[in-house]
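K.L.:
Take a look at protein20.pdb, PDB, C-alpha atoms:
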```
ATOM      1  CA  MET A   1     -16.521 -51.648  -5.334  1.00  0.00           C
ATOM      2  CA  HIS A   2     -19.871 -49.921  -5.029  1.00  0.00           C
ATOM      3  CA  GLU A   3     -20.540 -47.022  -7.367  1.00  0.00           C
ATOM      4  CA  GLU A   4     -21.186 -44.772  -4.382  1.00  0.00           C
ATOM      5  CA  GLU A   5     -17.770 -45.613  -2.913  1.00  0.00           C
ATOM      6  CA  ARG A   6     -16.075 -45.005  -6.278  1.00  0.00           C
ATOM      7  CA  ASP A   7     -17.748 -41.602  -6.515  1.00  0.00           C
ATOM      8  CA  TRP A   8     -16.645 -40.733  -2.976  1.00  0.00           C
ATOM      9  CA  LEU A   9     -13.022 -41.804  -3.590  1.00  0.00           C
ATOM     10  CA  ALA A  10     -12.986 -39.652  -6.726  1.00  0.00           C
ATOM     11  CA  THR A  11     -13.614 -36.591  -4.543  1.00  0.00           C
ATOM     12  CA  GLN A  12     -10.520 -37.291  -2.390  1.00  0.00           C
ATOM     13  CA  ARG A  13      -7.029 -35.943  -3.010  1.00  0.00           C
ATOM     14  CA  PRO A  14      -5.431 -38.120  -5.734  1.00  0.00           C
ATOM     15  CA  SER A  15      -3.107 -40.777  -4.331  1.00  0.00           C
ATOM     16  CA  ARG A  16      -2.227 -44.403  -5.028  1.00  0.00           C
ATOM     17  CA  VAL A  17      -3.433 -45.074  -1.477  1.00  0.00           C
ATOM     18  CA  ARG A  18      -6.974 -44.681  -2.852  1.00  0.00           C
ATOM     19  CA  GLU A  19      -6.466 -48.058  -4.588  1.00  0.00           C
ATOM     20  CA  VAL A  20      -5.864 -49.629  -1.179  1.00  0.00           C
ATOM     21  CA  GLN A  21      -8.855 -47.816   0.286  1.00  0.00           C
ATOM     22  CA  ALA A  22     -10.887 -49.286  -2.558  1.00  0.00           C
ATOM     23  CA  GLY A  23      -9.941 -52.829  -1.571  1.00  0.00           C
ATOM     24  CA  ARG A  24      -6.541 -53.703  -3.055  1.00  0.00           C
ATOM     25  CA  LEU A  25      -4.066 -55.123  -0.546  1.00  0.00           C
ATOM     26  CA  ALA A  26      -1.272 -52.923  -1.975  1.00  0.00           C
ATOM     27  CA  TRP A  27      -0.733 -50.694  -4.989  1.00  0.00           C
ATOM     28  CA  THR A  28       2.770 -52.078  -5.658  1.00  0.00           C
ATOM     29  CA  GLU A  29       5.394 -54.444  -4.292  1.00  0.00           C
ATOM     30  CA  ILE A  30       8.988 -53.935  -3.146  1.00  0.00           C
ATOM     31  CA  ASP A  31      11.806 -56.396  -2.515  1.00  0.00           C
ATOM     32  CA  LEU A  32      13.607 -54.855   0.469  1.00  0.00           C
ATOM     33  CA  ILE A  33      17.078 -56.383   0.739  1.00  0.00           C
ATOM     34  CA  ASP A  34      18.595 -55.879   4.197  1.00  0.00           C
ATOM     35  CA  ILE A  35      22.385 -56.150   4.171  1.00  0.00           C
ATOM     36  CA  GLU A  36      24.001 -55.865   7.596  1.00  0.00           C
ATOM     37  CA  GLY A  37      21.777 -53.403   9.407  1.00  0.00           C
ATOM     38  CA  GLY A  38      21.191 -50.757   6.759  1.00  0.00           C
ATOM     39  CA  PHE A  39      18.043 -49.361   8.456  1.00  0.00           C
ATOM     40  CA  ALA A  40      15.698 -51.746   6.665  1.00  0.00           C
ATOM     41  CA  HIS A  41      13.257 -52.174   9.563  1.00  0.00           C
ATOM     42  CA  PRO A  42      12.143 -48.521   9.756  1.00  0.00           C
ATOM     43  CA  LEU A  43      12.007 -48.453   5.951  1.00  0.00           C
ATOM     44  CA  ARG A  44       9.676 -51.446   5.924  1.00  0.00           C
ATOM     45  CA  ASP A  45       7.350 -49.884   8.479  1.00  0.00           C
ATOM     46  CA  GLY A  46       7.233 -46.572   6.605  1.00  0.00           C
ATOM     47  CA  LEU A  47       6.710 -48.120   3.182  1.00  0.00           C
ATOM     48  CA  GLU A  48       3.809 -50.238   4.378  1.00  0.00           C
ATOM     49  CA  VAL A  49       2.064 -47.047   5.540  1.00  0.00           C
ATOM     50  CA  PHE A  50       2.118 -45.950   1.879  1.00  0.00           C
ATOM     51  CA  GLY A  51       0.087 -48.995   0.837  1.00  0.00           C
ATOM     52  CA  VAL A  52       3.085 -50.960  -0.459  1.00  0.00           C
ATOM     53  CA  HIS A  53       3.561 -54.708  -0.041  1.00  0.00           C
ATOM     54  CA  VAL A  54       7.129 -55.240   1.228  1.00  0.00           C
ATOM     55  CA  ASN A  55       9.016 -58.515   0.760  1.00  0.00           C
ATOM     56  CA  TYR A  56      11.637 -58.237   3.500  1.00  0.00           C
ATOM     57  CA  LEU A  57      14.742 -60.295   2.647  1.00  0.00           C
ATOM     58  CA  ARG A  58      17.559 -60.357   5.173  1.00  0.00           C
ATOM     59  CA  VAL A  59      20.955 -61.117   3.644  1.00  0.00           C
ATOM     60  CA  GLY A  60      23.683 -62.726   5.716  1.00  0.00           C
ATOM     61  CA  GLN A  61      25.849 -64.351   3.049  1.00  0.00           C
ATOM     62  CA  PRO A  62      26.678 -63.551  -0.578  1.00  0.00           C
ATOM     63  CA  ARG A  63      24.637 -66.555  -1.732  1.00  0.00           C
ATOM     64  CA  HIS A  64      21.563 -65.064  -0.021  1.00  0.00           C
ATOM     65  CA  LEU A  65      22.038 -61.845  -2.001  1.00  0.00           C
ATOM     66  CA  VAL A  66      22.376 -63.793  -5.228  1.00  0.00           C
ATOM     67  CA  ALA A  67      19.282 -65.876  -4.405  1.00  0.00           C
ATOM     68  CA  ALA A  68      17.333 -62.651  -3.805  1.00  0.00           C
ATOM     69  CA  LEU A  69      18.410 -60.876  -6.993  1.00  0.00           C
ATOM     70  CA  ASP A  70      19.465 -63.422  -9.617  1.00  0.00           C
ATOM     71  CA  GLY A  71      16.003 -63.674 -11.164  1.00  0.00           C
ATOM     72  CA  THR A  72      15.317 -67.299 -10.213  1.00  0.00           C
ATOM     73  CA  ARG A  73      12.439 -65.991  -8.060  1.00  0.00           C
ATOM     74  CA  PRO A  74      10.061 -63.288  -9.307  1.00  0.00           C
ATOM     75  CA  ILE A  75      11.618 -59.868  -8.743  1.00  0.00           C
ATOM     76  CA  ALA A  76       9.282 -57.111  -7.538  1.00  0.00           C
ATOM     77  CA  PRO A  77       8.701 -53.984  -9.655  1.00  0.00           C
ATOM     78  CA  TYR A  78      10.767 -52.056  -7.082  1.00  0.00           C
ATOM     79  CA  VAL A  79      13.935 -53.202  -5.324  1.00  0.00           C
ATOM     80  CA  ILE A  80      15.573 -51.414  -2.397  1.00  0.00           C
ATOM     81  CA  VAL A  81      19.022 -52.557  -1.288  1.00  0.00           C
ATOM     82  CA  SER A  82      19.455 -51.231   2.247  1.00  0.00           C
ATOM     83  CA  CYS A  83      23.190 -51.351   2.865  1.00  0.00           C
ATOM     84  CA  HIS A  84      26.458 -49.560   3.447  1.00  0.00           C
ATOM     85  CA  GLY A  85      28.653 -48.640   0.518  1.00  0.00           C
ATOM     86  CA  ASP A  86      32.065 -47.257  -0.369  1.00  0.00           C
ATOM     87  CA  GLU A  87      33.889 -46.322  -3.561  1.00  0.00           C
ATOM     88  CA  GLY A  88      31.146 -47.531  -5.890  1.00  0.00           C
ATOM     89  CA  ARG A  89      30.613 -50.863  -4.145  1.00  0.00           C
ATOM     90  CA  ILE A  90      27.954 -52.391  -1.900  1.00  0.00           C
ATOM     91  CA  LEU A  91      29.727 -53.482   1.251  1.00  0.00           C
ATOM     92  CA  MET A  92      29.379 -57.009   2.586  1.00  0.00           C
ATOM     93  CA  GLU A  93      31.582 -58.447   5.288  1.00  0.00           C
ATOM     94  CA  ASP A  94      33.780 -61.362   4.310  1.00  0.00           C
ATOM     95  CA  VAL A  95      32.327 -64.643   5.496  1.00  0.00           C
ATOM     96  CA  ALA A  96      34.450 -67.124   7.418  1.00  0.00           C
ATOM     97  CA  GLU A  97      36.896 -69.202   5.415  1.00  0.00           C
ATOM     98  CA  GLU A  98      34.968 -72.442   5.968  1.00  0.00           C
ATOM     99  CA  LEU A  99      31.852 -70.811   4.434  1.00  0.00           C
ATOM    100  CA  ALA A 100      33.622 -68.764   1.764  1.00  0.00           C
ATOM    101  CA  ARG A 101      34.332 -71.784  -0.427  1.00  0.00           C
ATOM    102  CA  PHE A 102      30.581 -72.348  -0.839  1.00  0.00           C
ATOM    103  CA  GLN A 103      29.809 -68.752  -1.848  1.00  0.00           C
ATOM    104  CA  PRO A 104      29.533 -67.295  -5.356  1.00  0.00           C
ATOM    105  CA  PHE A 105      31.928 -64.564  -4.151  1.00  0.00           C
ATOM    106  CA  ASN A 106      33.196 -63.085  -0.901  1.00  0.00           C
ATOM    107  CA  GLY A 107      33.308 -59.435   0.147  1.00  0.00           C
ATOM    108  CA  ALA A 108      32.041 -56.245  -1.479  1.00  0.00           C
ATOM    109  CA  VAL A 109      29.785 -56.153  -4.542  1.00  0.00           C
ATOM    110  CA  GLY A 110      31.112 -54.055  -7.397  1.00  0.00           C
ATOM    111  CA  PRO A 111      30.067 -53.723 -11.040  1.00  0.00           C
ATOM    112  CA  ASP A 112      31.511 -57.064 -12.189  1.00  0.00           C
ATOM    113  CA  ARG A 113      29.651 -59.012  -9.519  1.00  0.00           C
ATOM    114  CA  VAL A 114      26.404 -57.206 -10.281  1.00  0.00           C
ATOM    115  CA  ARG A 115      26.687 -58.125 -13.963  1.00  0.00           C
ATOM    116  CA  GLU A 116      27.608 -61.714 -13.187  1.00  0.00           C
ATOM    117  CA  HIS A 117      24.985 -62.510 -10.549  1.00  0.00           C
ATOM    118  CA  PHE A 118      21.987 -60.147 -10.720  1.00  0.00           C
ATOM    119  CA  HIS A 119      18.995 -60.169 -13.039  1.00  0.00           C
ATOM    120  CA  LEU A 120      16.455 -57.403 -12.364  1.00  0.00           C
ATOM    121  CA  PRO A 121      14.121 -57.376 -15.358  1.00  0.00           C
ATOM    122  CA  GLY A 122      12.561 -53.921 -15.505  1.00  0.00           C
ATOM    123  CA  SER A 123      12.778 -53.192 -11.787  1.00  0.00           C
ATOM    124  CA  VAL A 124      13.299 -49.690 -10.417  1.00  0.00           C
ATOM    125  CA  THR A 125      16.262 -50.270  -8.103  1.00  0.00           C
ATOM    126  CA  LEU A 126      17.234 -47.962  -5.245  1.00  0.00           C
ATOM    127  CA  VAL A 127      20.429 -48.518  -3.222  1.00  0.00           C
ATOM    128  CA  THR A 128      21.022 -46.617   0.028  1.00  0.00           C
ATOM    129  CA  GLY A 129      24.763 -47.117   0.627  1.00  0.00           C
ATOM    130  CA  CYS A 130      27.315 -44.308   0.428  1.00  0.00           C
ATOM    131  CA  ASP A 131      28.996 -43.925  -2.966  1.00  0.00           C
ATOM    132  CA  THR A 132      26.690 -46.478  -4.627  1.00  0.00           C
ATOM    133  CA  GLY A 133      25.551 -43.811  -7.078  1.00  0.00           C
ATOM    134  CA  GLU A 134      28.871 -43.989  -8.937  1.00  0.00           C
ATOM    135  CA  PRO A 135      28.322 -44.344 -12.707  1.00  0.00           C
ATOM    136  CA  ALA A 136      30.145 -47.684 -13.044  1.00  0.00           C
ATOM    137  CA  LEU A 137      27.905 -49.395 -10.488  1.00  0.00           C
ATOM    138  CA  ALA A 138      24.811 -47.738 -11.940  1.00  0.00           C
ATOM    139  CA  GLU A 139      25.685 -48.985 -15.430  1.00  0.00           C
ATOM    140  CA  ALA A 140      26.151 -52.505 -14.078  1.00  0.00           C
ATOM    141  CA  PHE A 141      22.667 -52.489 -12.533  1.00  0.00           C
ATOM    142  CA  LEU A 142      21.199 -51.212 -15.800  1.00  0.00           C
ATOM    143  CA  ASP A 143      23.100 -53.970 -17.658  1.00  0.00           C
ATOM    144  CA  ALA A 144      21.529 -56.438 -15.199  1.00  0.00           C
ATOM    145  CA  GLY A 145      18.091 -55.320 -16.369  1.00  0.00           C
ATOM    146  CA  ALA A 146      17.077 -52.549 -13.966  1.00  0.00           C
ATOM    147  CA  SER A 147      14.971 -49.954 -15.775  1.00  0.00           C
ATOM    148  CA  ILE A 148      16.061 -47.184 -13.387  1.00  0.00           C
ATOM    149  CA  TYR A 149      18.871 -47.066 -10.826  1.00  0.00           C
ATOM    150  CA  ILE A 150      18.835 -44.566  -7.942  1.00  0.00           C
ATOM    151  CA  ALA A 151      21.605 -44.152  -5.361  1.00  0.00           C
ATOM    152  CA  PRO A 152      23.714 -41.457  -3.652  1.00  0.00           C
ATOM    153  CA  ARG A 153      26.894 -40.227  -5.254  1.00  0.00           C
ATOM    154  CA  GLY A 154      28.652 -39.291  -2.044  1.00  0.00           C
ATOM    155  CA  GLY A 155      28.232 -40.085   1.632  1.00  0.00           C
ATOM    156  CA  PRO A 156      24.914 -38.821   3.026  1.00  0.00           C
ATOM    157  CA  PHE A 157      24.272 -39.014   6.764  1.00  0.00           C
ATOM    158  CA  GLY A 158      22.736 -42.336   7.793  1.00  0.00           C
ATOM    159  CA  TYR A 159      19.360 -40.841   8.556  1.00  0.00           C
ATOM    160  CA  ALA A 160      19.299 -39.229   5.100  1.00  0.00           C
ATOM    161  CA  SER A 161      19.599 -42.741   3.666  1.00  0.00           C
ATOM    162  CA  VAL A 162      16.461 -43.690   5.573  1.00  0.00           C
ATOM    163  CA  PHE A 163      14.570 -40.589   4.556  1.00  0.00           C
ATOM    164  CA  ALA A 164      15.459 -40.720   0.841  1.00  0.00           C
ATOM    165  CA  PRO A 165      13.587 -43.969   0.007  1.00  0.00           C
ATOM    166  CA  LEU A 166      10.625 -42.879   2.113  1.00  0.00           C
ATOM    167  CA  PHE A 167      10.518 -39.503   0.332  1.00  0.00           C
ATOM    168  CA  PHE A 168      10.832 -41.251  -3.037  1.00  0.00           C
ATOM    169  CA  PHE A 169       7.932 -43.618  -2.346  1.00  0.00           C
ATOM    170  CA  TYR A 170       5.820 -40.846  -0.891  1.00  0.00           C
ATOM    171  CA  GLU A 171       6.184 -39.074  -4.229  1.00  0.00           C
ATOM    172  CA  LEU A 172       5.302 -42.241  -6.161  1.00  0.00           C
ATOM    173  CA  THR A 173       2.273 -42.737  -3.920  1.00  0.00           C
ATOM    174  CA  GLU A 174       1.239 -39.210  -4.869  1.00  0.00           C
ATOM    175  CA  GLN A 175       1.263 -40.355  -8.525  1.00  0.00           C
ATOM    176  CA  ARG A 176       4.550 -38.772  -9.576  1.00  0.00           C
ATOM    177  CA  THR A 177       6.976 -40.556 -11.898  1.00  0.00           C
ATOM    178  CA  PRO A 178      10.350 -41.801 -10.607  1.00  0.00           C
ATOM    179  CA  MET A 179      12.056 -38.958 -12.483  1.00  0.00           C
ATOM    180  CA  GLU A 180       9.783 -36.364 -10.864  1.00  0.00           C
ATOM    181  CA  ALA A 181      10.248 -38.001  -7.464  1.00  0.00           C
ATOM    182  CA  VAL A 182      14.051 -37.875  -7.646  1.00  0.00           C
ATOM    183  CA  GLU A 183      13.980 -34.288  -8.908  1.00  0.00           C
ATOM    184  CA  ARG A 184      11.907 -33.267  -5.884  1.00  0.00           C
ATOM    185  CA  LEU A 185      14.115 -35.331  -3.563  1.00  0.00           C
ATOM    186  CA  ARG A 186      17.309 -33.671  -4.850  1.00  0.00           C
ATOM    187  CA  ALA A 187      15.804 -30.213  -4.386  1.00  0.00           C
ATOM    188  CA  HIS A 188      15.086 -30.851  -0.699  1.00  0.00           C
ATOM    189  CA  ASP A 189      18.600 -30.142   0.673  1.00  0.00           C
ATOM    190  CA  ASP A 190      22.307 -30.764   0.084  1.00  0.00           C
ATOM    191  CA  GLU A 191      22.292 -34.237   1.663  1.00  0.00           C
ATOM    192  CA  LEU A 192      19.531 -35.426  -0.643  1.00  0.00           C
ATOM    193  CA  ALA A 193      21.023 -33.651  -3.650  1.00  0.00           C
ATOM    194  CA  MET A 194      23.614 -36.482  -3.715  1.00  0.00           C
ATOM    195  CA  TRP A 195      21.000 -38.919  -5.008  1.00  0.00           C
ATOM    196  CA  GLN A 196      21.298 -39.696  -8.701  1.00  0.00           C
ATOM    197  CA  LEU A 197      18.914 -41.341 -11.146  1.00  0.00           C
ATOM    198  CA  TYR A 198      20.289 -43.377 -14.052  1.00  0.00           C
ATOM    199  CA  ARG A 199      18.291 -44.939 -16.884  1.00  0.00           C
ATOM    200  CA  ARG A 200      18.699 -45.921 -20.516  1.00  0.00           C
TER
END
```
Using the file provided, produce a representation of the structure as structure tokens.

P.N.:
Amino acid sequence: MHEEERDWLATQRPSRVREVQAGRLAWTEIDLIDIEGGFAHPLRDGLEVFGVHVNYLRVGQPRHLVAALDGTRPIAPYVIVSCHGDEGRILMEDVAEELARFQPFNGAVGPDRVREHFHLPGSVTLVTGCDTGEPALAEAFLDAGASIYIAPRGGPFGYASVFAPLFFFYELTEQRTPMEAVERLRAHDDELAMWQLYRR
């Protein structure tokens, strides 16, 4: 970067986007896991506007989810699981019986399955599904190596589950910490107040 450009960027409002303006392809990377139509496409488009490199991973079977999150491939610093949830579980439809015998499990993903199959070394993990902010599931993700786990404790409207990750990453782009970002998110309104942050 030329010294003149560096001096000019220093006069602009502080933002991680300045790193992209200065020539980086992205200021961070996200693994975006799309489970059964959880609004991942608009999330991807919005996140890329913030100067984030998005690895879009569509999940159709439990073994795809395990392959995405078991640590055998490099896991991004941030992971978003775009999904539906219920009662402290990530919902996945049962696969057909002829496929089920080849899967590591079949059906919803609760704490035991997270501990058994996921390895997220140091990643900040955000899950969009209803009731995925329950403490038992959060503890399982932390046991699986996530440094921070963020999810709603309750059932926010679907569009709130699109807005929450975008709001969160806007705040990170503006150089706030994850804790500051979630605090500002929760203060926005009652729907977003459901989002919880867990860490050790």

K.L.:
Which one of A:Ala146, A:Leu25, A:Leu137, A:Leu99 sits closest to Thr125 in chain A if you count all atoms listed in the file?

P.N.:
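Comparing A:Ala146, A:Leu25, A:Leu137, A:Leu99 against Thr125 in chain A, the winner is A:Ala146.
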
K.L.:
Tell me, as a list in words, which residues lie within 7 Å of Asp86 in chain A, counting only C-alpha atoms; anything in the same chain fewer than 6 positions away does not count.

P.N.:
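Returned residues: Cys130, Asp131 and Thr132 of chain A.
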
K.L.:
What gap, in Å, lies between CA of Arg186 in chain A and CA of Ile80 in chain A?

P.N.:
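Separation of CA of Arg186 in chain A and CA of Ile80 in chain A: 18.0 Å.
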
K.L.:
I'd like the neighbourhood of Ala22 in chain A as a list in words, where a residue qualifies if any of its atoms comes within 10 Å (using all atoms listed in the file), though same-chain residues fewer than 2 positions away should be ignored.

P.N.:
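Counting all atoms listed in the file, the residues come to Met1, His2, Glu5, Arg6, Leu9, Val17, Arg18, Glu19, Val20, Arg24 and Leu25 of chain A.
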
K.L.:
May I have the selected residues written with C-alpha atoms, as an mmCIF file, in the coordinates of the input?

P.N.:
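Result file follows (part.cif):
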```cif
data_model
loop_
_atom_site.group_PDB
_atom_site.id
_atom_site.type_symbol
_atom_site.label_atom_id
_atom_site.label_comp_id
_atom_site.auth_asym_id
_atom_site.auth_seq_id
_atom_site.Cartn_x
_atom_site.Cartn_y
_atom_site.Cartn_z
ATOM 1 C CA MET A 1 -16.521 -51.648 -5.334
ATOM 2 C CA HIS A 2 -19.871 -49.921 -5.029
ATOM 3 C CA GLU A 5 -17.770 -45.613 -2.913
ATOM 4 C CA ARG A 6 -16.075 -45.005 -6.278
ATOM 5 C CA LEU A 9 -13.022 -41.804 -3.590
ATOM 6 C CA VAL A 17 -3.433 -45.074 -1.477
ATOM 7 C CA ARG A 18 -6.974 -44.681 -2.852
ATOM 8 C CA GLU A 19 -6.466 -48.058 -4.588
ATOM 9 C CA VAL A 20 -5.864 -49.629 -1.179
ATOM 10 C CA ARG A 24 -6.541 -53.703 -3.055
ATOM 11 C CA LEU A 25 -4.066 -55.123 -0.546
#
```

K.L.:
Between A:Ala181, A:Ala76, A:Leu120, A:Ala151, which is the closest to Gly88 in chain A once you count only C-alpha atoms?

P.N.:
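Closest residue, counting only C-alpha atoms: A:Ala151.
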
K.L.:
Since I can't run it myself right now, could you work out what the PyMOL selection byres ((chain A and resi 33) around 9) selects here and report it as a ChimeraX atom specification?

P.N.:
/A:31-32,34-35,40,55-59,65,68,79-83

K.L.:
Taking all atoms listed in the file into account, which of A:Glu87, A:Glu98, A:Glu191, A:Asp112 comes nearest Ser161 in chain A?

P.N.:
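Of A:Glu87, A:Glu98, A:Glu191, A:Asp112, the one nearest Ser161 in chain A is A:Glu191, counting all atoms listed in the file.
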
K.L.:
Find the residue from A:Gly145, A:Gly46, A:Gly51, A:Gly23 that sits nearest to His119 in chain A; use only C-alpha atoms when measuring.

P.N.:
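Closest residue, counting only C-alpha atoms: A:Gly145.
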
K.L.:
Kindly resolve the PyMOL selection byres ((chain A and resi 166) around 12) on the present coordinates and return the residues as a PyMOL selection string.

P.N.:
chain A and resi 39-40+42-50+52+80+126+128+159-165+167-173+181-182+185+192

K.L.:
In Å, how far is it from CA of His84 in chain A to CA of Tyr198 in chain A?

P.N.:
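CA of His84 in chain A sits 19.6 Å away from CA of Tyr198 in chain A.
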
K.L.:
Grab all the atoms of range 92-101 of chain A that the file lists, wrap them in a box along x, y and z, add 5 Å per side, and give me centre plus edge lengths in Å (one decimal) as lines of an AutoDock Vina configuration file.

P.N.:
```
center_x = 33.1
center_y = -64.7
center_z = 3.5
size_x = 17.5
size_y = 25.4
size_z = 17.8
```

K.L.:
Could you please determine the separation between CA of Glu139 in chain A and CA of Pro111 in chain A in Å, to one decimal place?

P.N.:
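Between CA of Glu139 in chain A and CA of Pro111 in chain A the gap is 7.8 Å.
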
K.L.:
Using all atoms listed in the file, find the one residue out of A:Ser123, A:Ser147, A:Thr177, A:Asn106 that sits nearest to Gln61 in chain A.

P.N.:
A:Asn106

K.L.:
Give me, as a PyMOL selection string, all polymer residues having an atom no more than 12 Å from Pro121 in chain A, counting all atoms listed in the file and skipping those fewer than 6 positions away in the same chain.

P.N.:
chain A and resi 69-79+141-148

K.L.:
Output C-alpha atoms of each residue in that selection to a file, as a compact mmCIF listing (two decimals), in the coordinates of the input.

P.N.:
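Contents of result.txt, freshly written:
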```
# COMPACT_ATOMS: atom_id res chain seq x y z
CA LEU A 69 18.41 -60.88 -6.99
CA ASP A 70 19.46 -63.42 -9.62
CA GLY A 71 16.00 -63.67 -11.16
CA THR A 72 15.32 -67.30 -10.21
CA ARG A 73 12.44 -65.99 -8.06
CA PRO A 74 10.06 -63.29 -9.31
CA ILE A 75 11.62 -59.87 -8.74
CA ALA A 76 9.28 -57.11 -7.54
CA PRO A 77 8.70 -53.98 -9.65
CA TYR A 78 10.77 -52.06 -7.08
CA VAL A 79 13.94 -53.20 -5.32
CA PHE A 141 22.67 -52.49 -12.53
CA LEU A 142 21.20 -51.21 -15.80
CA ASP A 143 23.10 -53.97 -17.66
CA ALA A 144 21.53 -56.44 -15.20
CA GLY A 145 18.09 -55.32 -16.37
CA ALA A 146 17.08 -52.55 -13.97
CA SER A 147 14.97 -49.95 -15.78
CA ILE A 148 16.06 -47.18 -13.39
```

K.L.:
Here is a test: counting all atoms listed in the file, which residue of A:Glu174, A:Pro62, A:Asp189, A:Arg199 is nearest to Ala138 in chain A?

P.N.:
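Looking only at the distances to Ala138 in chain A, the closest residue turns out to be A:Arg199.
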
K.L.:
Determine, counting all atoms listed in the file, which protein, DNA and RNA residues have an atom within 12 Å of an atom of Gly107 in chain A; residues of the same chain fewer than 4 positions away are not included. Present the result as a list in words.

P.N.:
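Contacts, with the query itself left out: Gly60, Gln61, Pro62, Arg63, Leu65, Gly85, Arg89, Ile90, Leu91, Met92, Glu93, Asp94, Val95, Ala96, Glu97, Ala100, Gln103 and Arg113 of chain A.
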
K.L.:
Go ahead and dump the residues you just picked, C-alpha atoms, as a short mmCIF file (atom, residue, chain, number, x, y, z; two decimals), in the frame of the given file.

P.N.:
```
data_model
loop_
_atom_site.label_atom_id
_atom_site.label_comp_id
_atom_site.auth_asym_id
_atom_site.auth_seq_id
_atom_site.Cartn_x
_atom_site.Cartn_y
_atom_site.Cartn_z
CA GLY A 60 23.68 -62.73 5.72
CA GLN A 61 25.85 -64.35 3.05
CA PRO A 62 26.68 -63.55 -0.58
CA ARG A 63 24.64 -66.56 -1.73
CA LEU A 65 22.04 -61.84 -2.00
CA GLY A 85 28.65 -48.64 0.52
CA ARG A 89 30.61 -50.86 -4.14
CA ILE A 90 27.95 -52.39 -1.90
CA LEU A 91 29.73 -53.48 1.25
CA MET A 92 29.38 -57.01 2.59
CA GLU A 93 31.58 -58.45 5.29
CA ASP A 94 33.78 -61.36 4.31
CA VAL A 95 32.33 -64.64 5.50
CA ALA A 96 34.45 -67.12 7.42
CA GLU A 97 36.90 -69.20 5.42
CA ALA A 100 33.62 -68.76 1.76
CA GLN A 103 29.81 -68.75 -1.85
CA ARG A 113 29.65 -59.01 -9.52
#
```
